[in-house]
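So this one's target_8.tsv, TSV, C-alpha atoms and all ligand atoms:
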```tsv
chain	number	residue	atom	x	y	z
T	1	MET	CA	48.12	65.80	123.69
T	2	SER	CA	46.13	67.84	121.19
T	3	SER	CA	48.37	69.47	118.61
T	4	LEU	CA	45.83	72.29	118.14
T	5	PHE	CA	46.28	73.13	121.81
T	6	SER	CA	50.07	72.87	121.86
T	7	PRO	CA	51.78	76.22	122.40
T	8	LEU	CA	53.57	77.98	119.57
T	9	THR	CA	56.55	80.24	120.13
T	10	ILE	CA	57.60	82.70	117.46
T	11	LYS	CA	60.62	84.76	118.50
T	12	SER	CA	59.91	85.86	122.10
T	13	VAL	CA	56.13	85.42	121.93
T	14	THR	CA	54.40	82.23	123.01
T	15	MET	CA	50.81	81.59	121.98
T	16	ARG	CA	48.91	79.23	124.29
T	17	ASN	CA	47.52	77.29	121.33
T	18	ARG	CA	47.46	77.26	117.51
T	19	ILE	CA	44.12	79.06	117.19
T	20	GLY	CA	44.21	82.63	115.93
T	21	VAL	CA	41.46	85.14	115.26
T	22	ALA	CA	41.70	86.35	111.66
T	23	PRO	CA	41.55	90.12	111.25
T	24	MET	CA	37.96	91.31	110.91
T	25	CYS	CA	36.82	94.85	110.17
T	26	GLN	CA	34.14	95.92	112.61
T	27	TYR	CA	33.22	99.32	111.10
T	28	GLN	CA	32.63	100.73	114.59
T	29	ALA	CA	35.55	103.15	115.08
T	30	ARG	CA	35.17	106.93	115.33
T	31	ASP	CA	38.04	108.88	113.71
T	32	GLY	CA	40.03	105.65	113.75
T	33	VAL	CA	39.61	105.34	117.53
T	34	ALA	CA	38.48	102.04	119.08
T	35	GLN	CA	35.18	102.08	120.96
T	36	ALA	CA	33.38	100.02	123.61
T	37	TRP	CA	32.42	97.70	120.73
T	38	HIS	CA	36.06	96.77	120.19
T	39	GLN	CA	36.68	96.27	123.90
T	40	THR	CA	33.77	93.84	124.04
T	41	HIS	CA	34.50	92.10	120.75
T	42	ILE	CA	38.21	91.53	121.44
T	43	GLY	CA	37.55	90.94	125.14
T	44	SER	CA	35.14	88.10	124.43
T	45	LEU	CA	37.52	86.52	121.91
T	46	ALA	CA	40.31	86.63	124.51
T	47	MET	CA	38.06	85.06	127.15
T	48	GLY	CA	36.98	82.49	124.58
T	49	GLY	CA	40.50	81.05	124.52
T	50	ALA	CA	42.17	82.00	121.21
T	51	GLY	CA	45.96	82.00	121.35
T	52	LEU	CA	46.40	85.03	119.10
T	53	ILE	CA	43.99	87.77	118.12
T	54	ILE	CA	44.82	89.86	115.07
T	55	MET	CA	42.91	93.12	115.23
T	56	GLU	CA	41.13	94.27	112.10
T	57	ALA	CA	42.71	96.11	109.16
T	58	THR	CA	44.03	99.23	110.89
T	59	ALA	CA	44.92	102.15	108.70
T	60	VAL	CA	48.39	103.68	108.79
T	61	ARG	CA	46.97	106.98	107.52
T	62	ALA	CA	43.46	108.46	107.45
T	63	ASP	CA	43.10	107.95	103.69
T	64	GLY	CA	44.19	104.32	104.16
T	65	ARG	CA	40.92	103.36	105.81
T	66	ILE	CA	38.49	101.19	103.92
T	67	THR	CA	35.51	103.05	105.37
T	68	PRO	CA	35.27	106.13	107.62
T	69	TYR	CA	34.50	103.69	110.46
T	70	CYS	CA	37.72	101.65	110.29
T	71	LEU	CA	40.41	101.66	112.97
T	72	GLY	CA	43.61	103.64	112.60
T	73	LEU	CA	47.03	103.98	114.20
T	74	TRP	CA	48.05	107.38	112.90
T	75	ASP	CA	47.63	109.30	116.17
T	76	GLN	CA	48.03	109.03	119.92
T	77	ALA	CA	44.30	108.99	120.74
T	78	GLN	CA	44.11	105.77	118.74
T	79	VAL	CA	47.07	104.31	120.66
T	80	ALA	CA	45.46	105.14	124.01
T	81	ALA	CA	42.11	103.57	123.13
T	82	VAL	CA	43.60	100.36	121.85
T	83	SER	CA	46.11	99.97	124.73
T	84	SER	CA	43.46	99.07	127.28
T	85	ILE	CA	41.99	96.48	124.92
T	86	VAL	CA	45.42	94.89	124.45
T	87	LYS	CA	46.00	94.86	128.20
T	88	PHE	CA	42.70	93.15	128.94
T	89	ALA	CA	43.28	90.51	126.26
T	90	ASN	CA	46.77	89.81	127.63
T	91	GLN	CA	45.30	89.39	131.11
T	92	GLN	CA	43.07	86.65	129.66
T	93	GLY	CA	46.10	84.86	128.22
T	94	ALA	CA	45.73	85.92	124.57
T	95	ARG	CA	48.57	87.49	122.61
T	96	MET	CA	47.60	90.52	120.55
T	97	GLY	CA	48.46	91.37	116.97
T	98	VAL	CA	47.29	94.10	114.65
T	99	GLN	CA	46.91	94.15	110.89
T	100	LEU	CA	48.46	97.34	109.49
T	101	ALA	CA	46.89	98.39	106.22
T	102	HIS	CA	46.40	100.97	103.54
T	103	ALA	CA	43.25	100.45	101.49
T	104	GLY	CA	44.54	102.09	98.28
T	105	ARG	CA	41.92	102.28	95.54
T	106	LYS	CA	39.44	100.30	97.66
T	107	GLY	CA	39.43	103.02	100.33
T	108	SER	CA	36.74	105.62	100.95
T	109	SER	CA	33.95	103.11	100.66
T	110	ALA	CA	30.59	102.73	102.34
T	111	ARG	CA	30.14	100.05	104.98
T	112	PRO	CA	29.29	96.68	103.35
T	113	TRP	CA	25.68	96.63	104.51
T	114	LEU	CA	25.22	100.02	102.83
T	115	GLY	CA	26.49	98.71	99.51
T	116	GLY	CA	30.25	99.11	99.90
T	117	ALA	CA	30.65	101.50	96.95
T	118	HIS	CA	32.83	104.61	96.82
T	119	LEU	CA	31.82	107.50	99.09
T	120	LYS	CA	32.02	110.99	97.65
T	121	ALA	CA	33.55	113.85	99.65
T	122	GLU	CA	30.11	115.11	100.69
T	123	GLU	CA	29.38	111.63	102.08
T	124	GLY	CA	32.54	111.63	104.21
T	125	GLY	CA	34.79	110.08	101.57
T	126	TRP	CA	38.21	111.04	100.21
T	127	ASP	CA	40.37	110.78	97.10
T	128	THR	CA	42.21	107.50	96.71
T	129	ILE	CA	45.70	106.50	95.60
T	130	ALA	CA	46.96	103.34	93.92
T	131	PRO	CA	49.88	102.09	91.81
T	132	SER	CA	48.00	103.02	88.63
T	133	HIS	CA	45.23	105.28	87.44
T	134	ASN	CA	42.52	102.60	87.16
T	135	ALA	CA	39.40	102.08	89.26
T	136	PHE	CA	38.55	98.86	91.13
T	137	ASP	CA	35.68	98.26	88.72
T	138	SER	CA	37.24	99.83	85.61
T	139	ASP	CA	35.24	97.60	83.29
T	140	GLY	CA	32.14	97.20	85.36
T	141	THR	CA	29.62	99.08	87.39
T	142	ARG	CA	31.53	102.37	87.74
T	143	LEU	CA	30.67	102.58	91.42
T	144	TRP	CA	34.32	103.17	92.26
T	145	LYS	CA	36.38	106.30	91.92
T	146	THR	CA	39.50	106.33	89.76
T	147	PRO	CA	42.53	106.65	92.04
T	148	ARG	CA	45.54	108.88	91.48
T	149	ALA	CA	48.67	106.96	90.43
T	150	MET	CA	51.28	107.26	93.19
T	151	THR	CA	54.48	109.23	92.73
T	152	GLN	CA	57.80	108.21	94.28
T	153	ASP	CA	57.08	110.75	97.07
T	154	ASP	CA	53.73	109.10	97.77
T	155	ILE	CA	55.47	105.72	97.91
T	156	ASN	CA	58.06	107.01	100.38
T	157	ASP	CA	55.36	108.64	102.52
T	158	ILE	CA	53.24	105.52	102.73
T	159	GLN	CA	56.23	103.35	103.66
T	160	GLN	CA	57.08	105.81	106.43
T	161	CYS	CA	53.45	105.71	107.63
T	162	PHE	CA	53.68	101.91	107.97
T	163	ALA	CA	56.85	102.29	110.05
T	164	ASP	CA	55.31	105.02	112.22
T	165	ALA	CA	52.17	102.94	112.77
T	166	ALA	CA	54.36	99.96	113.73
T	167	GLN	CA	55.98	102.10	116.42
T	168	ARG	CA	52.54	103.11	117.70
T	169	ALA	CA	51.50	99.45	117.70
T	170	LEU	CA	54.49	98.71	119.92
T	171	GLN	CA	53.52	101.56	122.26
T	172	ALA	CA	50.00	100.13	122.45
T	173	GLY	CA	51.41	96.77	123.59
T	174	PHE	CA	50.88	94.68	120.46
T	175	GLU	CA	53.37	91.81	120.12
T	176	PHE	CA	52.64	90.86	116.51
T	177	ILE	CA	52.21	92.90	113.36
T	178	GLU	CA	50.61	91.58	110.24
T	179	ILE	CA	51.19	93.74	107.18
T	180	HIS	CA	48.12	93.60	104.95
T	181	GLY	CA	49.38	92.50	101.55
T	182	ALA	CA	46.10	90.92	100.42
T	183	HIS	CA	42.52	91.50	99.18
T	184	GLY	CA	43.20	94.22	96.62
T	185	TYR	CA	44.30	96.85	99.10
T	186	LEU	CA	47.32	99.01	98.41
T	187	LEU	CA	50.22	96.56	98.81
T	188	HIS	CA	48.43	93.74	97.00
T	189	SER	CA	47.45	96.11	94.21
T	190	PHE	CA	51.16	96.75	93.60
T	191	LEU	CA	51.80	92.98	93.53
T	192	SER	CA	48.94	92.10	91.22
T	193	PRO	CA	49.42	92.43	87.45
T	194	LEU	CA	45.64	92.86	87.20
T	195	VAL	CA	46.03	96.27	88.86
T	196	ASN	CA	49.64	97.41	88.58
T	197	GLN	CA	50.32	98.91	85.16
T	198	ARG	CA	53.37	100.96	86.12
T	199	ASN	CA	56.40	101.03	83.90
T	200	ASP	CA	58.92	102.20	86.50
T	201	GLN	CA	60.85	100.07	89.01
T	202	TYR	CA	57.55	99.29	90.84
T	203	GLY	CA	55.85	97.71	87.81
T	204	GLY	CA	56.39	94.96	85.25
T	205	LYS	CA	58.09	91.74	86.38
T	206	LEU	CA	57.23	90.14	89.75
T	207	GLU	CA	60.40	91.38	91.40
T	208	ASN	CA	59.39	94.97	90.55
T	209	ARG	CA	55.76	94.55	91.55
T	210	ALA	CA	56.93	93.12	94.90
T	211	ARG	CA	59.24	96.09	95.52
T	212	MET	CA	56.60	98.20	97.32
T	213	LEU	CA	55.81	95.33	99.71
T	214	MET	CA	59.45	94.44	100.27
T	215	GLU	CA	60.48	98.06	100.96
T	216	THR	CA	57.54	98.47	103.35
T	217	VAL	CA	58.50	95.27	105.17
T	218	ALA	CA	62.09	96.49	105.46
T	219	LYS	CA	60.96	99.85	106.91
T	220	VAL	CA	58.73	98.11	109.45
T	221	ARG	CA	61.38	95.53	110.36
T	222	GLN	CA	63.77	98.40	111.14
T	223	VAL	CA	61.50	99.77	113.89
T	224	TRP	CA	59.74	96.58	115.01
T	225	PRO	CA	61.87	94.83	117.66
T	226	GLU	CA	63.91	91.93	116.36
T	227	ASP	CA	62.49	89.58	119.03
T	228	LEU	CA	58.85	90.25	118.09
T	229	PRO	CA	57.19	88.36	115.26
T	230	LEU	CA	56.27	90.00	111.97
T	231	GLY	CA	53.79	88.54	109.49
T	232	VAL	CA	52.37	89.38	106.09
T	233	ARG	CA	48.94	88.46	104.73
T	234	LEU	CA	49.10	87.62	101.04
T	235	SER	CA	46.46	86.81	98.47
T	236	MET	CA	48.14	83.60	97.34
T	237	THR	CA	46.28	83.70	94.03
T	238	ASP	CA	44.19	86.27	92.14
T	239	TRP	CA	42.03	83.40	90.89
T	240	VAL	CA	41.78	84.85	87.37
T	241	GLU	CA	43.82	84.44	84.21
T	242	GLY	CA	46.65	86.94	84.02
T	243	GLY	CA	46.67	87.55	87.78
T	244	LEU	CA	49.02	86.46	90.56
T	245	THR	CA	49.54	82.70	90.75
T	246	LEU	CA	50.43	80.47	93.69
T	247	ASP	CA	53.93	80.04	92.24
T	248	ASP	CA	54.32	83.85	92.23
T	249	THR	CA	53.29	84.22	95.85
T	250	ILE	CA	55.43	81.28	96.96
T	251	GLN	CA	58.36	83.18	95.43
T	252	VAL	CA	57.24	86.33	97.29
T	253	SER	CA	57.01	84.26	100.51
T	254	ALA	CA	60.64	83.17	100.04
T	255	TRP	CA	61.70	86.79	99.59
T	256	LEU	CA	59.71	87.77	102.70
T	257	LYS	CA	61.41	85.03	104.73
T	258	ALA	CA	64.82	86.32	103.65
T	259	ALA	CA	63.73	89.84	104.66
T	260	GLY	CA	62.95	88.79	108.23
T	261	VAL	CA	59.24	88.01	108.01
T	262	ASP	CA	58.34	85.17	110.35
T	263	ILE	CA	54.97	83.99	109.08
T	264	VAL	CA	52.73	84.30	106.02
T	265	ASP	CA	48.95	84.39	106.44
T	266	CYS	CA	47.60	82.70	103.32
T	267	SER	CA	44.42	84.25	101.98
T	268	THR	CA	43.34	84.82	98.36
T	269	GLY	CA	41.62	87.18	95.95
T	270	GLY	CA	40.22	90.69	96.07
T	271	ALA	CA	42.24	92.52	93.40
T	272	THR	CA	39.26	93.07	91.09
T	273	PRO	CA	35.51	92.40	91.35
T	274	GLU	CA	36.01	89.11	89.43
T	275	SER	CA	38.92	87.98	91.60
T	276	ARG	CA	37.07	86.36	94.45
T	277	GLY	CA	37.90	83.26	96.47
T	278	SER	CA	34.25	82.96	97.44
T	279	ILE	CA	33.48	81.88	93.87
T	280	ASN	CA	33.60	78.09	93.34
T	281	GLY	CA	34.65	77.26	96.89
T	282	GLY	CA	38.06	78.89	96.54
T	283	ILE	CA	38.31	79.94	100.18
T	284	ALA	CA	38.31	76.32	101.33
T	285	GLN	CA	41.39	75.70	99.15
T	286	GLN	CA	43.46	78.24	101.04
T	287	PRO	CA	44.83	75.92	103.80
T	288	ALA	CA	46.38	73.67	101.12
T	289	MET	CA	48.09	76.74	99.65
T	290	ALA	CA	49.50	77.53	103.09
T	291	GLY	CA	50.89	74.00	103.15
T	292	LYS	CA	52.55	74.34	99.76
T	293	ALA	CA	54.15	77.68	100.65
T	294	ARG	CA	55.34	76.23	103.98
T	295	ARG	CA	56.92	73.16	102.38
T	296	GLN	CA	58.54	75.01	99.49
T	297	THR	CA	59.98	77.98	101.40
T	298	GLY	CA	60.29	76.83	105.01
T	299	ILE	CA	58.41	79.91	106.23
T	300	MET	CA	55.79	79.48	108.95
T	301	THR	CA	52.24	79.81	107.70
T	302	MET	CA	48.76	80.58	108.94
T	303	ALA	CA	45.90	78.70	107.28
T	304	VAL	CA	42.54	80.43	106.95
T	305	GLY	CA	39.32	79.74	105.12
T	306	GLU	CA	36.13	77.99	106.17
T	307	ILE	CA	37.69	76.35	109.19
T	308	THR	CA	34.77	75.64	111.51
T	309	ALA	CA	35.33	72.26	113.21
T	310	ALA	CA	37.81	71.25	115.92
T	311	GLN	CA	39.08	68.12	114.16
T	312	GLN	CA	39.36	69.98	110.84
T	313	ALA	CA	41.56	72.58	112.53
T	314	GLN	CA	43.66	69.96	114.27
T	315	ASP	CA	44.14	68.02	111.01
T	316	ILE	CA	45.63	71.16	109.39
T	317	ILE	CA	48.20	71.34	112.21
T	318	ASN	CA	48.84	67.57	112.18
T	319	GLN	CA	49.35	67.52	108.42
T	320	GLU	CA	51.79	70.42	108.81
T	321	GLU	CA	49.89	72.62	106.39
T	322	ALA	CA	50.30	75.50	108.82
T	323	ASP	CA	51.70	76.52	112.19
T	324	MET	CA	48.45	78.21	113.19
T	325	VAL	CA	44.88	78.16	111.98
T	326	LEU	CA	42.96	81.41	111.78
T	327	LEU	CA	39.21	81.52	112.05
T	328	ALA	CA	37.04	84.49	111.17
T	329	ARG	CA	33.31	83.93	110.73
T	330	GLN	CA	33.14	80.94	113.09
T	331	LEU	CA	34.64	83.04	115.89
T	332	LEU	CA	32.10	85.80	115.23
T	333	ARG	CA	29.36	83.21	115.61
T	334	ASP	CA	31.00	81.78	118.73
T	335	PRO	CA	33.89	83.61	120.41
T	336	TYR	CA	34.10	80.65	122.83
T	337	TRP	CA	34.82	78.20	119.98
T	338	PRO	CA	38.35	77.42	121.31
T	339	ARG	CA	36.90	76.29	124.65
T	340	HIS	CA	34.39	74.02	122.92
T	341	ALA	CA	37.14	72.69	120.64
T	342	ALA	CA	39.33	71.92	123.68
T	343	LYS	CA	36.54	69.89	125.19
T	344	GLU	CA	35.97	67.99	121.97
T	345	LEU	CA	39.67	67.22	121.53
T	346	GLY	CA	40.26	66.39	125.19
T	347	ALA	CA	42.66	69.28	125.78
T	348	ASP	CA	43.04	70.85	129.18
T	349	VAL	CA	42.45	74.60	129.26
T	350	PRO	CA	42.42	76.74	132.40
T	351	ALA	CA	39.06	77.72	133.81
T	352	LEU	CA	37.78	81.13	132.79
T	353	MET	CA	37.39	82.23	136.38
T	354	PRO	CA	39.69	80.02	138.44
T	355	ASP	CA	38.53	81.18	141.86
T	356	LEU	CA	34.84	80.94	141.12
T	357	HIS	CA	35.48	77.59	139.54
T	358	LYS	CA	37.02	76.37	142.76
T	359	LEU	CA	34.15	77.77	144.80
T	360	PHE	CA	31.14	76.70	142.78
T	361	ILE	CA	31.63	74.44	139.81
T	362	GLY	CA	31.77	70.75	140.50
T	363	LYS	CA	30.61	71.28	144.08
T	364	ASN	CA	27.09	70.79	145.27
T	365	PRO	CA	25.89	73.92	147.01
T	401	LIG	C1	33.30	90.65	109.09
T	401	LIG	C2	34.58	90.33	108.40
T	401	LIG	C3	35.58	91.30	108.34
T	401	LIG	C4	36.81	91.03	107.73
T	401	LIG	N1	37.82	91.96	107.77
T	401	LIG	C5	39.05	91.63	107.33
T	401	LIG	C6	40.15	92.49	107.58
T	401	LIG	O1	40.05	93.52	108.27
T	401	LIG	N2	41.35	92.14	107.06
T	401	LIG	C7	41.52	90.98	106.34
T	401	LIG	O2	42.62	90.71	105.87
T	401	LIG	N3	40.49	90.13	106.15
T	401	LIG	C8	39.29	90.42	106.65
T	401	LIG	N4	38.28	89.50	106.54
T	401	LIG	C9	38.57	88.16	105.98
T	401	LIG	C10	38.88	87.17	107.12
T	401	LIG	O3	40.04	87.55	107.85
T	401	LIG	C11	39.06	85.74	106.61
T	401	LIG	O4	40.21	85.67	105.81
T	401	LIG	C12	37.86	85.22	105.81
T	401	LIG	O5	36.64	85.57	106.46
T	401	LIG	C13	37.92	83.72	105.63
T	401	LIG	O6	37.92	83.07	106.89
T	401	LIG	P1	36.60	82.34	107.48
T	401	LIG	O7	36.18	81.34	106.42
T	401	LIG	O8	37.06	81.69	108.75
T	401	LIG	O9	35.55	83.38	107.71
T	401	LIG	C14	37.03	89.77	107.12
T	401	LIG	C15	36.02	88.81	107.16
T	401	LIG	C16	34.82	89.07	107.79
T	401	LIG	C17	33.77	87.98	107.86
```

Can you turn what I pasted into structure tokens?
Amino acid sequence: MSSLFSPLTIKSVTMRNRIGVAPMCQYQARDGVAQAWHQTHIGSLAMGGAGLIIMEATAVRADGRITPYCLGLWDQAQVAAVSSIVKFANQQGARMGVQLAHAGRKGSSARPWLGGAHLKAEEGGWDTIAPSHNAFDSDGTRLWKTPRAMTQDDINDIQQCFADAAQRALQAGFEFIEIHGAHGYLLHSFLSPLVNQRNDQYGGKLENRARMLMETVAKVRQVWPEDLPLGVRLSMTDWVEGGLTLDDTIQVSAWLKAAGVDIVDCSTGGATPESRGSINGGIAQQPAMAGKARRQTGIMTMAVGEITAAQQAQDIINQEEADMVLLARQLLRDPYWPRHAAKELGADVPALMPDLHKLFIGKNP
């Protein structure tokens, strides 16, 4: 039996295989509301055979979007639009997760193909917030706006927004929440010493820098049913001197496990323009980091980063680097990748259209 196609149960949720779709911004929402694009995109991934689909970074508040075209879960219109997408995916046998996020100082930006820089108010942008009063590119190109440093009230508000969005995710039918603690967005920017320059209880030593994430997790865990899985995406390293290290994030993973987090999705980078996993092949090193965190803390992990081949994915599961593999770009290229991988690995997967299969395929007309 193929280990990649063995089911995985976390709490009350069983995934049909170990293949997950990594969260991927689509930049197609209107006022945070999912569109026909999302129905088609997620629908095809569900038909393609993935066990779990994690919907793109979904903002817990309007100013938490990366761009004006990102999804949100701060109102009921957004819940309604996403519910039918979740239902369709479930009917195809995929379990649905959502990545809840606040973009922090990397919010209010243009879509990547339009340069990705900060949008001014007259361009549809907004003022940003962050742990400290320093822009994403403080030393560089000055394309980014300087955020306002958050007060304790801001911190409380944002944590409440995560909890409220988690309740809306439940209403929409999602069975898995991934809290976005990576890529330089708000929660990672608290964790990273490259960004966080606070001198209160949210800054300084790792335990303090992790406080924002840990309190947010606790708020979400309070409203997210005990029998449903909760995950966190971390940037396991900042890649640059003076930033977060793998040892730091393994410690954070242990704290998350103790706080009731079921799985850590192991990504890297994004805190500053220099802090990029794409430099020097860093992204491909991420699955090994998932393995180290898994072995040292006992928490389940998701491995992600340049996974493109069936045997490569299966090896990650066999070598117990991770409980699931997540694919992003390869599943954009080919949403039916899991079906091709099943064929290659000799795994049995149900026909896409069982009745039609019986009627036509394998029979001469
Ligand atoms: C189009 C696109 C959008 C992405 N959006 C998100 C996102 O919303 N949240 C996130 O954490 N990562 C996002 N990522 C990163 C992916 O989830 C993934 O970690 C990364 O692409 C590496 O995986 P890959 O080598 O399989 O593509 C995005 C990547 C791509 C290509």

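Once Ile299 (chain T) and its same-chain neighbours fewer than 4 positions away are set aside, Ser253, Ala254, Leu256, Lys257, Val261, Asp262, Ile263, Val264, Ala293, Arg294 and Arg295 of chain T remain within 9 Å of it when counting all atoms listed in the file.
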
message = One number please: CA of Ser132 (chain T) to CA of Gln197 (chain T), in Å, one decimal.
response = 5.9 Å

Considering all atoms listed in the file, give me a table of residues in chain T that are at most 7 Å from ligand LIG 401 (chain T), with the closest atom pair and distance in Å for each, as JSON lines.
```
{"residue": "T:Ala22", "atom": "CA", "partner": "T:LIG401", "partner_atom": "O3", "distance": 4.3}
{"residue": "T:Pro23", "atom": "CA", "partner": "T:LIG401", "partner_atom": "O3", "distance": 4.5}
{"residue": "T:Met24", "atom": "CA", "partner": "T:LIG401", "partner_atom": "N1", "distance": 3.2}
{"residue": "T:Cys25", "atom": "CA", "partner": "T:LIG401", "partner_atom": "N1", "distance": 3.9}
{"residue": "T:Gln26", "atom": "CA", "partner": "T:LIG401", "partner_atom": "C1", "distance": 6.4}
{"residue": "T:Glu56", "atom": "CA", "partner": "T:LIG401", "partner_atom": "O1", "distance": 4.0}
{"residue": "T:Ala57", "atom": "CA", "partner": "T:LIG401", "partner_atom": "O1", "distance": 3.8}
{"residue": "T:His180", "atom": "CA", "partner": "T:LIG401", "partner_atom": "O2", "distance": 6.3}
{"residue": "T:Ala182", "atom": "CA", "partner": "T:LIG401", "partner_atom": "O2", "distance": 6.5}
{"residue": "T:His183", "atom": "CA", "partner": "T:LIG401", "partner_atom": "O2", "distance": 6.7}
{"residue": "T:Arg233", "atom": "CA", "partner": "T:LIG401", "partner_atom": "O2", "distance": 6.8}
{"residue": "T:Ser267", "atom": "CA", "partner": "T:LIG401", "partner_atom": "O4", "distance": 5.9}
{"residue": "T:Ile283", "atom": "CA", "partner": "T:LIG401", "partner_atom": "C13", "distance": 6.6}
{"residue": "T:Val304", "atom": "CA", "partner": "T:LIG401", "partner_atom": "O6", "distance": 5.3}
{"residue": "T:Gly305", "atom": "CA", "partner": "T:LIG401", "partner_atom": "O7", "distance": 3.8}
{"residue": "T:Glu306", "atom": "CA", "partner": "T:LIG401", "partner_atom": "O7", "distance": 3.4}
{"residue": "T:Ile307", "atom": "CA", "partner": "T:LIG401", "partner_atom": "O8", "distance": 5.4}
{"residue": "T:Leu326", "atom": "CA", "partner": "T:LIG401", "partner_atom": "O8", "distance": 6.6}
{"residue": "T:Leu327", "atom": "CA", "partner": "T:LIG401", "partner_atom": "O8", "distance": 3.9}
{"residue": "T:Ala328", "atom": "CA", "partner": "T:LIG401", "partner_atom": "O8", "distance": 3.7}
{"residue": "T:Arg329", "atom": "CA", "partner": "T:LIG401", "partner_atom": "O9", "distance": 3.8}
{"residue": "T:Gln330", "atom": "CA", "partner": "T:LIG401", "partner_atom": "O8", "distance": 5.9}
```

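Considering all atoms listed in the file, the residue among T:Thr268, T:Thr249, T:Thr9, T:Asn17 positioned nearest to Ala341 (chain T) is T:Asn17.
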
ask   = What separation in Å, quoted to one decimal, exists between CA of Phe174 (chain T) and CA of Gly97 (chain T)?
value = 5.4 Å

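The spacing separating CA of Ala149 (chain T) from CA of Leu187 (chain T) amounts to 13.4 Å.
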
task = Identify, on the basis of all atoms listed in the file, every residue whose closest approach to Gly277 (chain T) does not exceed 9 Å; exclude the query and any residue fewer than 5 positions from it along the same chain; express the result as number ranges by chain.
result = T: 237-239, 267-270, 282-286

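Here the question is which of T:Thr216, T:Arg111, T:Asn199, T:Val79 gets nearest to Leu170 (chain T) using all atoms listed in the file, and that residue is T:Val79.
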
task = Would you kindly return, as an MDAnalysis selection string, each protein, DNA or RNA residue with an atom no farther than 10 Å from any atom of Trp37 (chain T), considering only C-alpha atoms and excluding same-chain residues fewer than 5 positions away?
result = chainID T and resid 26:29 42:43

Could you please take those selected residues and save C-alpha atoms as a PDB file, keeping the file's coordinate frame?
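again.pdb, written as the output of this step:
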```pdb
ATOM      1  CA  GLN T  26      34.140  95.920 112.610  1.00  0.00           C
ATOM      2  CA  TYR T  27      33.220  99.320 111.100  1.00  0.00           C
ATOM      3  CA  GLN T  28      32.630 100.730 114.590  1.00  0.00           C
ATOM      4  CA  ALA T  29      35.550 103.150 115.080  1.00  0.00           C
ATOM      5  CA  ILE T  42      38.210  91.530 121.440  1.00  0.00           C
ATOM      6  CA  GLY T  43      37.550  90.940 125.140  1.00  0.00           C
TER       7      GLY T  43
END
```

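Of the listed residues (T:His340, T:Arg168, T:Arg333, T:Arg16), T:Arg168 comes nearest to Val82 (chain T); the distances count only C-alpha atoms.
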
task = Fewer than 5 positions away in the same chain doesn't count, so skip those; otherwise give me all residues within 9 Å of Thr40 (chain T), counting only C-alpha atoms, as a PyMOL selection string.
result = chain T and resi 35+45+85

task = Please provide as number ranges by chain all residues within 12 Å of Glu123 (chain T), with the sequence filter that same-chain residues fewer than 4 positions apart are discarded (counting all atoms listed in the file).
result = T: 67-68, 108-111, 117-119

Output file for the selection above: C-alpha atoms, as an mmCIF file, in the frame of the given file:
```cif
data_model
loop_
_atom_site.group_PDB
_atom_site.id
_atom_site.type_symbol
_atom_site.label_atom_id
_atom_site.label_comp_id
_atom_site.auth_asym_id
_atom_site.auth_seq_id
_atom_site.Cartn_x
_atom_site.Cartn_y
_atom_site.Cartn_z
ATOM 1 C CA THR T 67 35.510 103.050 105.370
ATOM 2 C CA PRO T 68 35.270 106.130 107.620
ATOM 3 C CA SER T 108 36.740 105.620 100.950
ATOM 4 C CA SER T 109 33.950 103.110 100.660
ATOM 5 C CA ALA T 110 30.590 102.730 102.340
ATOM 6 C CA ARG T 111 30.140 100.050 104.980
ATOM 7 C CA ALA T 117 30.650 101.500 96.950
ATOM 8 C CA HIS T 118 32.830 104.610 96.820
ATOM 9 C CA LEU T 119 31.820 107.500 99.090
#
```

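Distance check against Trp255 (chain T) using only C-alpha atoms: of T:Ser3, T:Thr297, T:Ser275, T:Gln319, the minimum falls on T:Thr297.
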
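If you measure from each of T:Leu244, T:Cys266, T:Ile179, T:Ala101 to Arg209 (chain T) using all atoms listed in the file, the closest one turns out to be T:Leu244.
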
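Candidate residues T:Met212, T:Ala166, T:Leu191, T:Cys161 were compared for distance to Gln251 (chain T), and the nearest is T:Leu191, using all atoms listed in the file.
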